[in-house]
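Dropping model01.pdb in here (PDB, C-alpha atoms, pLDDT in the B column):
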MODEL        1
ATOM      1  CA  GLU D   1     101.180  81.361  82.798  1.00 58.00           C
ATOM      2  CA  ALA D   2     102.930  84.585  83.677  1.00 55.00           C
ATOM      3  CA  ALA D   3     106.603  84.665  82.804  1.00 91.00           C
ATOM      4  CA  VAL D   4     109.850  86.506  83.331  1.00 96.00           C
ATOM      5  CA  THR D   5     112.537  85.997  80.725  1.00 96.00           C
ATOM      6  CA  GLN D   6     116.144  87.140  80.711  1.00 97.00           C
ATOM      7  CA  SER D   7     118.782  87.479  78.040  1.00 96.00           C
ATOM      8  CA  PRO D   8     121.482  86.561  77.542  1.00 97.00           C
ATOM      9  CA  ARG D   9     121.593  83.491  79.782  1.00 96.00           C
ATOM     10  CA  ASN D  10     125.365  83.524  79.851  1.00 97.00           C
ATOM     11  CA  LYS D  11     127.789  86.336  79.134  1.00 97.00           C
ATOM     12  CA  VAL D  12     131.553  86.630  79.260  1.00 97.00           C
ATOM     13  CA  THR D  13     133.218  90.003  79.003  1.00 96.00           C
ATOM     14  CA  VAL D  14     136.521  91.615  79.881  1.00 96.00           C
ATOM     15  CA  THR D  15     137.348  94.177  82.525  1.00 97.00           C
ATOM     16  CA  GLY D  16     136.189  97.578  81.330  1.00 96.00           C
ATOM     17  CA  GLY D  17     133.680  96.095  78.955  1.00 96.00           C
ATOM     18  CA  ASN D  18     130.134  97.318  78.414  1.00 96.00           C
ATOM     19  CA  VAL D  19     127.317  94.876  79.209  1.00 97.00           C
ATOM     20  CA  THR D  20     123.542  95.108  79.061  1.00 98.00           C
ATOM     21  CA  LEU D  21     121.333  92.498  80.692  1.00 98.00           C
ATOM     22  CA  SER D  22     117.726  92.367  79.553  1.00 98.00           C
ATOM     23  CA  CYS D  23     114.579  91.327  81.353  1.00 98.00           C
ATOM     24  CA  ARG D  24     111.035  91.072  80.063  1.00 97.00           C
ATOM     25  CA  GLN D  25     107.929  90.139  82.032  1.00 96.00           C
ATOM     26  CA  THR D  26     104.491  89.278  80.750  1.00 94.00           C
ATOM     27  CA  ASN D  27     102.880  89.358  84.184  1.00 88.00           C
ATOM     28  CA  SER D  28     101.449  92.852  83.733  1.00 90.00           C
ATOM     29  CA  HIS D  29     103.272  93.729  86.942  1.00 90.00           C
ATOM     30  CA  ASN D  30     104.285  97.260  87.744  1.00 91.00           C
ATOM     31  CA  TYR D  31     107.244  96.408  89.967  1.00 92.00           C
ATOM     32  CA  MET D  32     110.474  94.930  88.627  1.00 95.00           C
ATOM     33  CA  TYR D  33     113.775  94.147  90.347  1.00 95.00           C
ATOM     34  CA  TRP D  34     117.368  93.274  89.602  1.00 97.00           C
ATOM     35  CA  TYR D  35     119.308  91.064  92.042  1.00 97.00           C
ATOM     36  CA  ARG D  36     122.708  89.509  92.137  1.00 97.00           C
ATOM     37  CA  GLN D  37     123.363  86.171  93.811  1.00 94.00           C
ATOM     38  CA  ASP D  38     126.762  85.368  95.232  1.00 93.00           C
ATOM     39  CA  THR D  39     127.927  82.575  97.486  1.00 85.00           C
ATOM     40  CA  GLY D  40     127.665  83.652 101.099  1.00 80.00           C
ATOM     41  CA  HIS D  41     125.444  86.646 100.353  1.00 83.00           C
ATOM     42  CA  GLY D  42     122.110  85.291  99.237  1.00 86.00           C
ATOM     43  CA  LEU D  43     120.273  87.665  96.904  1.00 93.00           C
ATOM     44  CA  ARG D  44     121.092  91.340  96.998  1.00 94.00           C
ATOM     45  CA  LEU D  45     118.944  94.028  95.396  1.00 94.00           C
ATOM     46  CA  ILE D  46     120.707  96.220  92.839  1.00 97.00           C
ATOM     47  CA  HIS D  47     117.936  98.402  91.390  1.00 96.00           C
ATOM     48  CA  TYR D  48     114.180  98.274  91.110  1.00 94.00           C
ATOM     49  CA  SER D  49     111.369 100.108  89.390  1.00 94.00           C
ATOM     50  CA  TYR D  50     107.731 100.947  89.986  1.00 91.00           C
ATOM     51  CA  GLY D  51     106.892 101.378  86.328  1.00 93.00           C
ATOM     52  CA  ALA D  52     108.040 102.678  82.967  1.00 95.00           C
ATOM     53  CA  GLY D  53     110.494 105.524  83.393  1.00 95.00           C
ATOM     54  CA  ASN D  54     110.839 104.979  87.146  1.00 95.00           C
ATOM     55  CA  LEU D  55     114.051 103.844  88.822  1.00 96.00           C
ATOM     56  CA  GLN D  56     114.825 103.178  92.470  1.00 93.00           C
ATOM     57  CA  ILE D  57     118.210 102.489  93.999  1.00 94.00           C
ATOM     58  CA  GLY D  58     118.634  99.182  95.740  1.00 92.00           C
ATOM     59  CA  ASP D  59     121.089  97.983  98.343  1.00 91.00           C
ATOM     60  CA  VAL D  60     124.160  97.360  96.151  1.00 95.00           C
ATOM     61  CA  PRO D  61     123.867  99.859  93.257  1.00 97.00           C
ATOM     62  CA  ASP D  62     127.527 100.842  92.776  1.00 96.00           C
ATOM     63  CA  GLY D  63     128.762 100.137  89.255  1.00 96.00           C
ATOM     64  CA  TYR D  64     125.297  99.511  87.870  1.00 98.00           C
ATOM     65  CA  LYS D  65     122.743 101.550  85.997  1.00 97.00           C
ATOM     66  CA  ALA D  66     119.252 100.481  85.084  1.00 97.00           C
ATOM     67  CA  THR D  67     116.520 101.635  82.779  1.00 97.00           C
ATOM     68  CA  ARG D  68     112.838 100.711  82.584  1.00 97.00           C
ATOM     69  CA  THR D  69     111.645 101.475  79.077  1.00 97.00           C
ATOM     70  CA  THR D  70     108.162  99.928  79.223  1.00 97.00           C
ATOM     71  CA  GLN D  71     106.066  98.095  81.763  1.00 96.00           C
ATOM     72  CA  GLU D  72     107.483  94.860  80.345  1.00 96.00           C
ATOM     73  CA  ASP D  73     111.177  95.675  79.908  1.00 98.00           C
ATOM     74  CA  PHE D  74     113.855  96.372  82.503  1.00 98.00           C
ATOM     75  CA  PHE D  75     117.561  96.599  81.646  1.00 98.00           C
ATOM     76  CA  LEU D  76     120.679  96.425  83.799  1.00 98.00           C
ATOM     77  CA  LEU D  77     123.757  98.224  82.462  1.00 97.00           C
ATOM     78  CA  LEU D  78     127.365  97.672  83.438  1.00 96.00           C
ATOM     79  CA  GLU D  79     129.324 100.374  81.635  1.00 92.00           C
ATOM     80  CA  LEU D  80     132.784  99.509  82.967  1.00 95.00           C
ATOM     81  CA  ALA D  81     132.568  95.918  84.058  1.00 96.00           C
ATOM     82  CA  SER D  82     134.887  94.706  86.806  1.00 97.00           C
ATOM     83  CA  PRO D  83     135.719  91.175  88.009  1.00 97.00           C
ATOM     84  CA  SER D  84     133.812  91.892  91.231  1.00 96.00           C
ATOM     85  CA  GLN D  85     130.645  91.982  89.121  1.00 97.00           C
ATOM     86  CA  THR D  86     131.043  88.356  88.142  1.00 97.00           C
ATOM     87  CA  SER D  87     127.816  86.904  89.486  1.00 97.00           C
ATOM     88  CA  LEU D  88     124.460  85.326  88.775  1.00 96.00           C
ATOM     89  CA  TYR D  89     121.871  88.006  88.035  1.00 97.00           C
ATOM     90  CA  PHE D  90     118.156  87.564  88.523  1.00 97.00           C
ATOM     91  CA  CYS D  91     115.286  89.732  87.416  1.00 97.00           C
ATOM     92  CA  ALA D  92     111.925  89.566  89.138  1.00 96.00           C
ATOM     93  CA  SER D  93     108.518  91.189  88.951  1.00 94.00           C
ATOM     94  CA  SER D  94     105.708  91.663  91.430  1.00 90.00           C
ATOM     95  CA  ASP D  95     102.233  93.033  91.827  1.00 84.00           C
ATOM     96  CA  PRO D  96     102.191  95.443  94.780  1.00 73.00           C
ATOM     97  CA  ASN D  97      98.586  94.447  95.397  1.00 74.00           C
ATOM     98  CA  ASN D  98      99.667  90.827  96.027  1.00 68.00           C
ATOM     99  CA  TYR D  99     101.792  91.353  99.119  1.00 65.00           C
ATOM    100  CA  ALA D 100     105.133  91.502  97.375  1.00 65.00           C
ATOM    101  CA  GLU D 101     105.232  87.922  96.053  1.00 83.00           C
ATOM    102  CA  GLN D 102     107.932  88.066  93.394  1.00 90.00           C
ATOM    103  CA  PHE D 103     108.278  86.000  90.235  1.00 92.00           C
ATOM    104  CA  PHE D 104     111.821  85.342  89.096  1.00 95.00           C
ATOM    105  CA  GLY D 105     113.457  84.949  85.727  1.00 95.00           C
ATOM    106  CA  PRO D 106     115.887  82.125  84.903  1.00 94.00           C
ATOM    107  CA  GLY D 107     118.989  84.189  85.603  1.00 95.00           C
ATOM    108  CA  THR D 108     122.005  85.439  83.664  1.00 97.00           C
ATOM    109  CA  ARG D 109     125.462  84.219  84.554  1.00 96.00           C
ATOM    110  CA  LEU D 110     127.975  86.984  83.947  1.00 97.00           C
ATOM    111  CA  THR D 111     131.716  86.447  83.991  1.00 97.00           C
ATOM    112  CA  VAL D 112     134.073  89.404  83.877  1.00 97.00           C
ATOM    113  CA  LEU D 113     137.642  88.390  83.066  1.00 96.00           C
TER     114      LEU D 113
ATOM    115  CA  ALA B 114     116.843  98.176 109.540  1.00 79.00           C
ATOM    116  CA  GLN B 115     115.259  94.877 108.669  1.00 86.00           C
ATOM    117  CA  SER B 116     117.167  91.625 108.385  1.00 92.00           C
ATOM    118  CA  VAL B 117     116.656  87.918 107.911  1.00 95.00           C
ATOM    119  CA  ASP B 118     118.858  85.230 109.426  1.00 96.00           C
ATOM    120  CA  GLN B 119     119.049  81.635 108.322  1.00 97.00           C
ATOM    121  CA  PRO B 120     121.477  80.195 110.840  1.00 96.00           C
ATOM    122  CA  ASP B 121     122.038  76.850 109.120  1.00 96.00           C
ATOM    123  CA  ALA B 122     124.032  77.067 105.923  1.00 95.00           C
ATOM    124  CA  HIS B 123     123.612  73.322 105.334  1.00 96.00           C
ATOM    125  CA  VAL B 124     121.096  70.745 106.542  1.00 98.00           C
ATOM    126  CA  THR B 125     121.419  67.053 105.733  1.00 97.00           C
ATOM    127  CA  LEU B 126     118.902  64.361 106.515  1.00 96.00           C
ATOM    128  CA  SER B 127     117.588  61.024 105.275  1.00 96.00           C
ATOM    129  CA  GLU B 128     114.531  60.555 103.132  1.00 96.00           C
ATOM    130  CA  GLY B 129     111.469  60.017 105.291  1.00 96.00           C
ATOM    131  CA  ALA B 130     112.693  62.198 108.114  1.00 97.00           C
ATOM    132  CA  SER B 131     111.042  65.437 109.131  1.00 97.00           C
ATOM    133  CA  LEU B 132     112.718  68.626 108.007  1.00 96.00           C
ATOM    134  CA  GLU B 133     112.691  72.013 109.643  1.00 97.00           C
ATOM    135  CA  LEU B 134     114.645  74.941 108.227  1.00 98.00           C
ATOM    136  CA  ARG B 135     115.129  77.833 110.566  1.00 98.00           C
ATOM    137  CA  CYS B 136     114.501  81.497 109.816  1.00 98.00           C
ATOM    138  CA  SER B 137     114.503  84.447 112.170  1.00 97.00           C
ATOM    139  CA  TYR B 138     113.891  88.064 111.309  1.00 96.00           C
ATOM    140  CA  SER B 139     114.311  91.531 112.658  1.00 94.00           C
ATOM    141  CA  TYR B 140     111.665  94.093 111.763  1.00 89.00           C
ATOM    142  CA  SER B 141     109.958  96.796 113.767  1.00 83.00           C
ATOM    143  CA  ALA B 142     106.432  96.190 112.455  1.00 83.00           C
ATOM    144  CA  ALA B 143     104.322  93.226 111.426  1.00 81.00           C
ATOM    145  CA  PRO B 144     106.184  91.538 108.595  1.00 87.00           C
ATOM    146  CA  TYR B 145     105.233  89.790 105.409  1.00 90.00           C
ATOM    147  CA  LEU B 146     107.349  86.630 105.273  1.00 93.00           C
ATOM    148  CA  PHE B 147     108.164  84.316 102.399  1.00 95.00           C
ATOM    149  CA  TRP B 148     109.957  81.104 101.576  1.00 97.00           C
ATOM    150  CA  TYR B 149     111.464  80.455  98.160  1.00 96.00           C
ATOM    151  CA  VAL B 150     113.229  77.354  96.836  1.00 96.00           C
ATOM    152  CA  GLN B 151     116.038  77.197  94.288  1.00 95.00           C
ATOM    153  CA  TYR B 152     116.770  73.822  92.706  1.00 95.00           C
ATOM    154  CA  PRO B 153     120.272  73.289  91.336  1.00 91.00           C
ATOM    155  CA  GLY B 154     120.853  75.345  88.227  1.00 89.00           C
ATOM    156  CA  GLN B 155     117.419  76.907  88.381  1.00 91.00           C
ATOM    157  CA  SER B 156     115.768  80.134  89.432  1.00 92.00           C
ATOM    158  CA  LEU B 157     113.819  80.849  92.605  1.00 94.00           C
ATOM    159  CA  GLN B 158     110.320  79.488  93.006  1.00 93.00           C
ATOM    160  CA  PHE B 159     107.752  80.733  95.496  1.00 92.00           C
ATOM    161  CA  LEU B 160     106.772  78.217  98.205  1.00 95.00           C
ATOM    162  CA  LEU B 161     104.566  80.074 100.651  1.00 94.00           C
ATOM    163  CA  LYS B 162     103.945  83.347 102.450  1.00 92.00           C
ATOM    164  CA  TYR B 163     102.615  84.695 105.696  1.00 92.00           C
ATOM    165  CA  ILE B 164     100.673  87.928 105.544  1.00 88.00           C
ATOM    166  CA  THR B 165      98.256  87.847 108.463  1.00 85.00           C
ATOM    167  CA  GLY B 166      95.828  85.511 110.196  1.00 87.00           C
ATOM    168  CA  ASP B 167      96.600  81.855 110.791  1.00 89.00           C
ATOM    169  CA  THR B 168     100.144  81.453 111.955  1.00 91.00           C
ATOM    170  CA  VAL B 169     100.608  78.160 110.136  1.00 96.00           C
ATOM    171  CA  VAL B 170     100.608  78.626 106.397  1.00 95.00           C
ATOM    172  CA  LYS B 171     100.664  75.887 103.818  1.00 96.00           C
ATOM    173  CA  GLY B 172     102.364  76.160 100.486  1.00 93.00           C
ATOM    174  CA  THR B 173     103.306  74.193  97.440  1.00 91.00           C
ATOM    175  CA  LYS B 174     105.132  70.851  97.371  1.00 90.00           C
ATOM    176  CA  GLY B 175     103.795  69.836 100.793  1.00 94.00           C
ATOM    177  CA  PHE B 176     105.621  72.527 102.746  1.00 96.00           C
ATOM    178  CA  GLU B 177     104.279  74.579 105.602  1.00 97.00           C
ATOM    179  CA  ALA B 178     105.693  77.276 107.836  1.00 98.00           C
ATOM    180  CA  GLU B 179     104.811  78.604 111.259  1.00 96.00           C
ATOM    181  CA  PHE B 180     104.994  82.284 112.120  1.00 95.00           C
ATOM    182  CA  ARG B 181     105.980  82.868 115.743  1.00 95.00           C
ATOM    183  CA  LYS B 182     105.890  86.492 116.754  1.00 92.00           C
ATOM    184  CA  SER B 183     107.166  85.658 120.228  1.00 92.00           C
ATOM    185  CA  ASN B 184     110.597  84.707 118.931  1.00 92.00           C
ATOM    186  CA  SER B 185     110.500  86.377 115.509  1.00 94.00           C
ATOM    187  CA  SER B 186     110.720  83.135 113.601  1.00 96.00           C
ATOM    188  CA  PHE B 187     109.234  81.657 110.458  1.00 97.00           C
ATOM    189  CA  ASN B 188     110.492  78.089 110.193  1.00 98.00           C
ATOM    190  CA  LEU B 189     109.800  75.901 107.174  1.00 98.00           C
ATOM    191  CA  LYS B 190     108.641  72.331 107.737  1.00 97.00           C
ATOM    192  CA  LYS B 191     107.841  69.214 105.803  1.00 97.00           C
ATOM    193  CA  SER B 192     107.238  65.617 106.782  1.00 95.00           C
ATOM    194  CA  PRO B 193     108.319  63.314 105.359  1.00 96.00           C
ATOM    195  CA  ALA B 194     111.170  64.750 103.340  1.00 96.00           C
ATOM    196  CA  HIS B 195     111.875  63.376  99.884  1.00 96.00           C
ATOM    197  CA  TRP B 196     115.167  63.273  98.007  1.00 95.00           C
ATOM    198  CA  SER B 197     113.647  65.659  95.452  1.00 95.00           C
ATOM    199  CA  ASP B 198     113.440  68.320  98.175  1.00 96.00           C
ATOM    200  CA  SER B 199     117.200  68.737  97.927  1.00 97.00           C
ATOM    201  CA  ALA B 200     117.675  72.406  97.030  1.00 97.00           C
ATOM    202  CA  LYS B 201     118.585  75.787  98.452  1.00 96.00           C
ATOM    203  CA  TYR B 202     115.869  77.484 100.477  1.00 97.00           C
ATOM    204  CA  PHE B 203     115.573  81.204 101.067  1.00 96.00           C
ATOM    205  CA  CYS B 204     113.564  83.006 103.696  1.00 97.00           C
ATOM    206  CA  ALA B 205     112.598  86.595 102.878  1.00 95.00           C
ATOM    207  CA  LEU B 206     110.877  89.548 104.500  1.00 92.00           C
ATOM    208  CA  SER B 207     108.936  92.381 102.916  1.00 88.00           C
ATOM    209  CA  ASN B 208     108.655  95.917 104.183  1.00 76.00           C
ATOM    210  CA  THR B 209     104.944  96.263 104.870  1.00 68.00           C
ATOM    211  CA  GLY B 210     104.971  99.936 105.610  1.00 61.00           C
ATOM    212  CA  ALA B 211     106.337 101.547 102.483  1.00 59.00           C
ATOM    213  CA  ASN B 212     104.788  99.097 100.010  1.00 61.00           C
ATOM    214  CA  THR B 213     107.963  99.080  97.999  1.00 68.00           C
ATOM    215  CA  GLY B 214     107.621  95.382  97.336  1.00 76.00           C
ATOM    216  CA  LYS B 215     111.261  95.009  98.298  1.00 83.00           C
ATOM    217  CA  LEU B 216     112.314  91.682  99.721  1.00 89.00           C
ATOM    218  CA  THR B 217     115.189  91.208 102.129  1.00 91.00           C
ATOM    219  CA  PHE B 218     116.590  87.699 101.763  1.00 93.00           C
ATOM    220  CA  GLY B 219     118.466  85.478 104.139  1.00 95.00           C
ATOM    221  CA  HIS B 220     121.646  83.837 102.907  1.00 94.00           C
ATOM    222  CA  GLY B 221     119.848  80.570 102.273  1.00 95.00           C
ATOM    223  CA  THR B 222     120.032  77.000 103.581  1.00 97.00           C
ATOM    224  CA  ILE B 223     121.229  74.169 101.368  1.00 96.00           C
ATOM    225  CA  LEU B 224     119.165  71.066 102.079  1.00 97.00           C
ATOM    226  CA  ARG B 225     120.421  67.617 101.137  1.00 97.00           C
ATOM    227  CA  VAL B 226     118.065  64.678 101.516  1.00 97.00           C
ATOM    228  CA  HIS B 227     119.739  61.306 101.136  1.00 95.00           C
ATOM    229  CA  PRO B 228     117.654  58.535  99.520  1.00 90.00           C
TER     230      PRO B 228
ENDMDL
END

What would the structure in this file look like if it were written as structure tokens?
Amino acid sequence: EAAVTQSPRNKVTVTGGNVTLSCRQTNSHNYMYWYRQDTGHGLRLIHYSYGAGNLQIGDVPDGYKATRTTQEDFFLLLELASPSQTSLYFCASSDPNNYAEQFFGPGTRLTVL
Amino acid sequence: AQSVDQPDAHVTLSEGASLELRCSYSYSAAPYLFWYVQYPGQSLQFLLKYITGDTVVKGTKGFEAEFRKSNSSFNLKKSPAHWSDSAKYFCALSNTGANTGKLTFGHGTILRVHP
């Protein structure tokens, strides 16, 4: 079965810290996405990518960078973490030929102290 | 701009009752619509989608949803509900024109089914 994995599953850092969240998918999907989930906001799109080397800006990109190194791997970078970035982060992938159905990873809970 | 509204933050009912979770959307063209479920402590799982054709679509776990263009709704239904259906449910819309694959999510509805 196709899969999306994320690491780490939990991360605690301090304000100003440098954090990288990793996502790998074995779905052979071209599209990948990073979301954050916060109470009262649902899921909000941070960045997404159409393929290796491609990056698109999502709806809440401030304070985040992303990089897509291969078709499988998509990274989210927080270079100066702030408490407002404490959240649950999800990665997802999709096949654009399958009407945007997305497959989600297990999530990473990030706490910025 | 497109948007999705789930007007009920919480829904509580008894096992055996019929459930209906409301979702309305705003989009200028014909939408692709989705329902996802998130069980406590878990990730999102796909339930069903409407692309075109029959306005009643059936999904996993016994759920179905009805697309109503007349009032821009895509409500999720199941009868009877089971205590294991307790979870958070998200309605989402995809931009069909640009083929970005982007989903716009509602804020979610937390469903509690009492045994």

Measure the distance from CA of Lys182 (chain B) to CA of Ala143 (chain B) in Å and round it to one decimal.
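Result for CA of Lys182 (chain B) versus CA of Ala143 (chain B): 8.7 Å, one decimal.
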
Residues returned when the ChimeraX specification (/B :<8) & /D runs on this file, as a VMD selection string
chain D and resid 31 40 to 44 90 94 96 99 to 107

Given the file shown, enumerate the residues that the PyMOL selection byres ((chain D and resi 88) around 6) captures and present them as a list in words.
Arg36, Gln37, Ser87, Tyr89, Thr108 and Arg109 of chain D

List the neighbours of region 81-84 of chain D out to 10 Å using only C-alpha atoms; skip same-chain residues closer than 5 positions along the sequence, and give me the result as JSON, numbers by chain.
{"D": [13, 14, 15, 16, 17, 18, 19, 63, 64, 110, 111, 112, 113]}

So which residues touch region 126-136 of chain B within 6 Å, counting all atoms listed in the file, skipping near sequence neighbours fewer than 4 positions away, as a PyMOL selection string?
chain B and resi 118-119+186-196+226-228

Filtering to C-alpha atoms, could you give me those residues as a JSON list (two decimals), in the coordinates of the input?
[["chain", "number", "residue", "atom", "x", "y", "z"],
["B", 118, "ASP", "CA", 118.86, 85.23, 109.43],
["B", 119, "GLN", "CA", 119.05, 81.64, 108.32],
["B", 186, "SER", "CA", 110.72, 83.14, 113.60],
["B", 187, "PHE", "CA", 109.23, 81.66, 110.46],
["B", 188, "ASN", "CA", 110.49, 78.09, 110.19],
["B", 189, "LEU", "CA", 109.80, 75.90, 107.17],
["B", 190, "LYS", "CA", 108.64, 72.33, 107.74],
["B", 191, "LYS", "CA", 107.84, 69.21, 105.80],
["B", 192, "SER", "CA", 107.24, 65.62, 106.78],
["B", 193, "PRO", "CA", 108.32, 63.31, 105.36],
["B", 194, "ALA", "CA", 111.17, 64.75, 103.34],
["B", 195, "HIS", "CA", 111.88, 63.38, 99.88],
["B", 196, "TRP", "CA", 115.17, 63.27, 98.01],
["B", 226, "VAL", "CA", 118.06, 64.68, 101.52],
["B", 227, "HIS", "CA", 119.74, 61.31, 101.14],
["B", 228, "PRO", "CA", 117.65, 58.54, 99.52]]

What is the distance between CA of Gln151 (chain B) and CA of Leu77 (chain D), in Å to one decimal?
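Taking CA of Gln151 (chain B) as the start and CA of Leu77 (chain D) as the end point, the length is 25.3 Å.
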
Might you pull out every residue within 10 Å of region 69-73 of chain D, with only C-alpha atoms counted and same-chain residues fewer than 3 positions away left off, and present them as a CSV table (one decimal) with C-alpha atoms, in the coordinates of the input?
chain,number,residue,atom,x,y,z
D,4,VAL,CA,109.8,86.5,83.3
D,5,THR,CA,112.5,86.0,80.7
D,6,GLN,CA,116.1,87.1,80.7
D,22,SER,CA,117.7,92.4,79.6
D,23,CYS,CA,114.6,91.3,81.4
D,24,ARG,CA,111.0,91.1,80.1
D,25,GLN,CA,107.9,90.1,82.0
D,26,THR,CA,104.5,89.3,80.8
D,27,ASN,CA,102.9,89.4,84.2
D,28,SER,CA,101.4,92.9,83.7
D,29,HIS,CA,103.3,93.7,86.9
D,30,ASN,CA,104.3,97.3,87.7
D,31,TYR,CA,107.2,96.4,90.0
D,32,MET,CA,110.5,94.9,88.6
D,49,SER,CA,111.4,100.1,89.4
D,50,TYR,CA,107.7,100.9,90.0
D,51,GLY,CA,106.9,101.4,86.3
D,52,ALA,CA,108.0,102.7,83.0
D,53,GLY,CA,110.5,105.5,83.4
D,54,ASN,CA,110.8,105.0,87.1
D,66,ALA,CA,119.3,100.5,85.1
D,93,SER,CA,108.5,91.2,89.0

Do you have the CA of Cys91 (chain D)-CA of Ala114 (chain B) distance handy?
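That distance, rounded to one decimal, is 23.7 Å.
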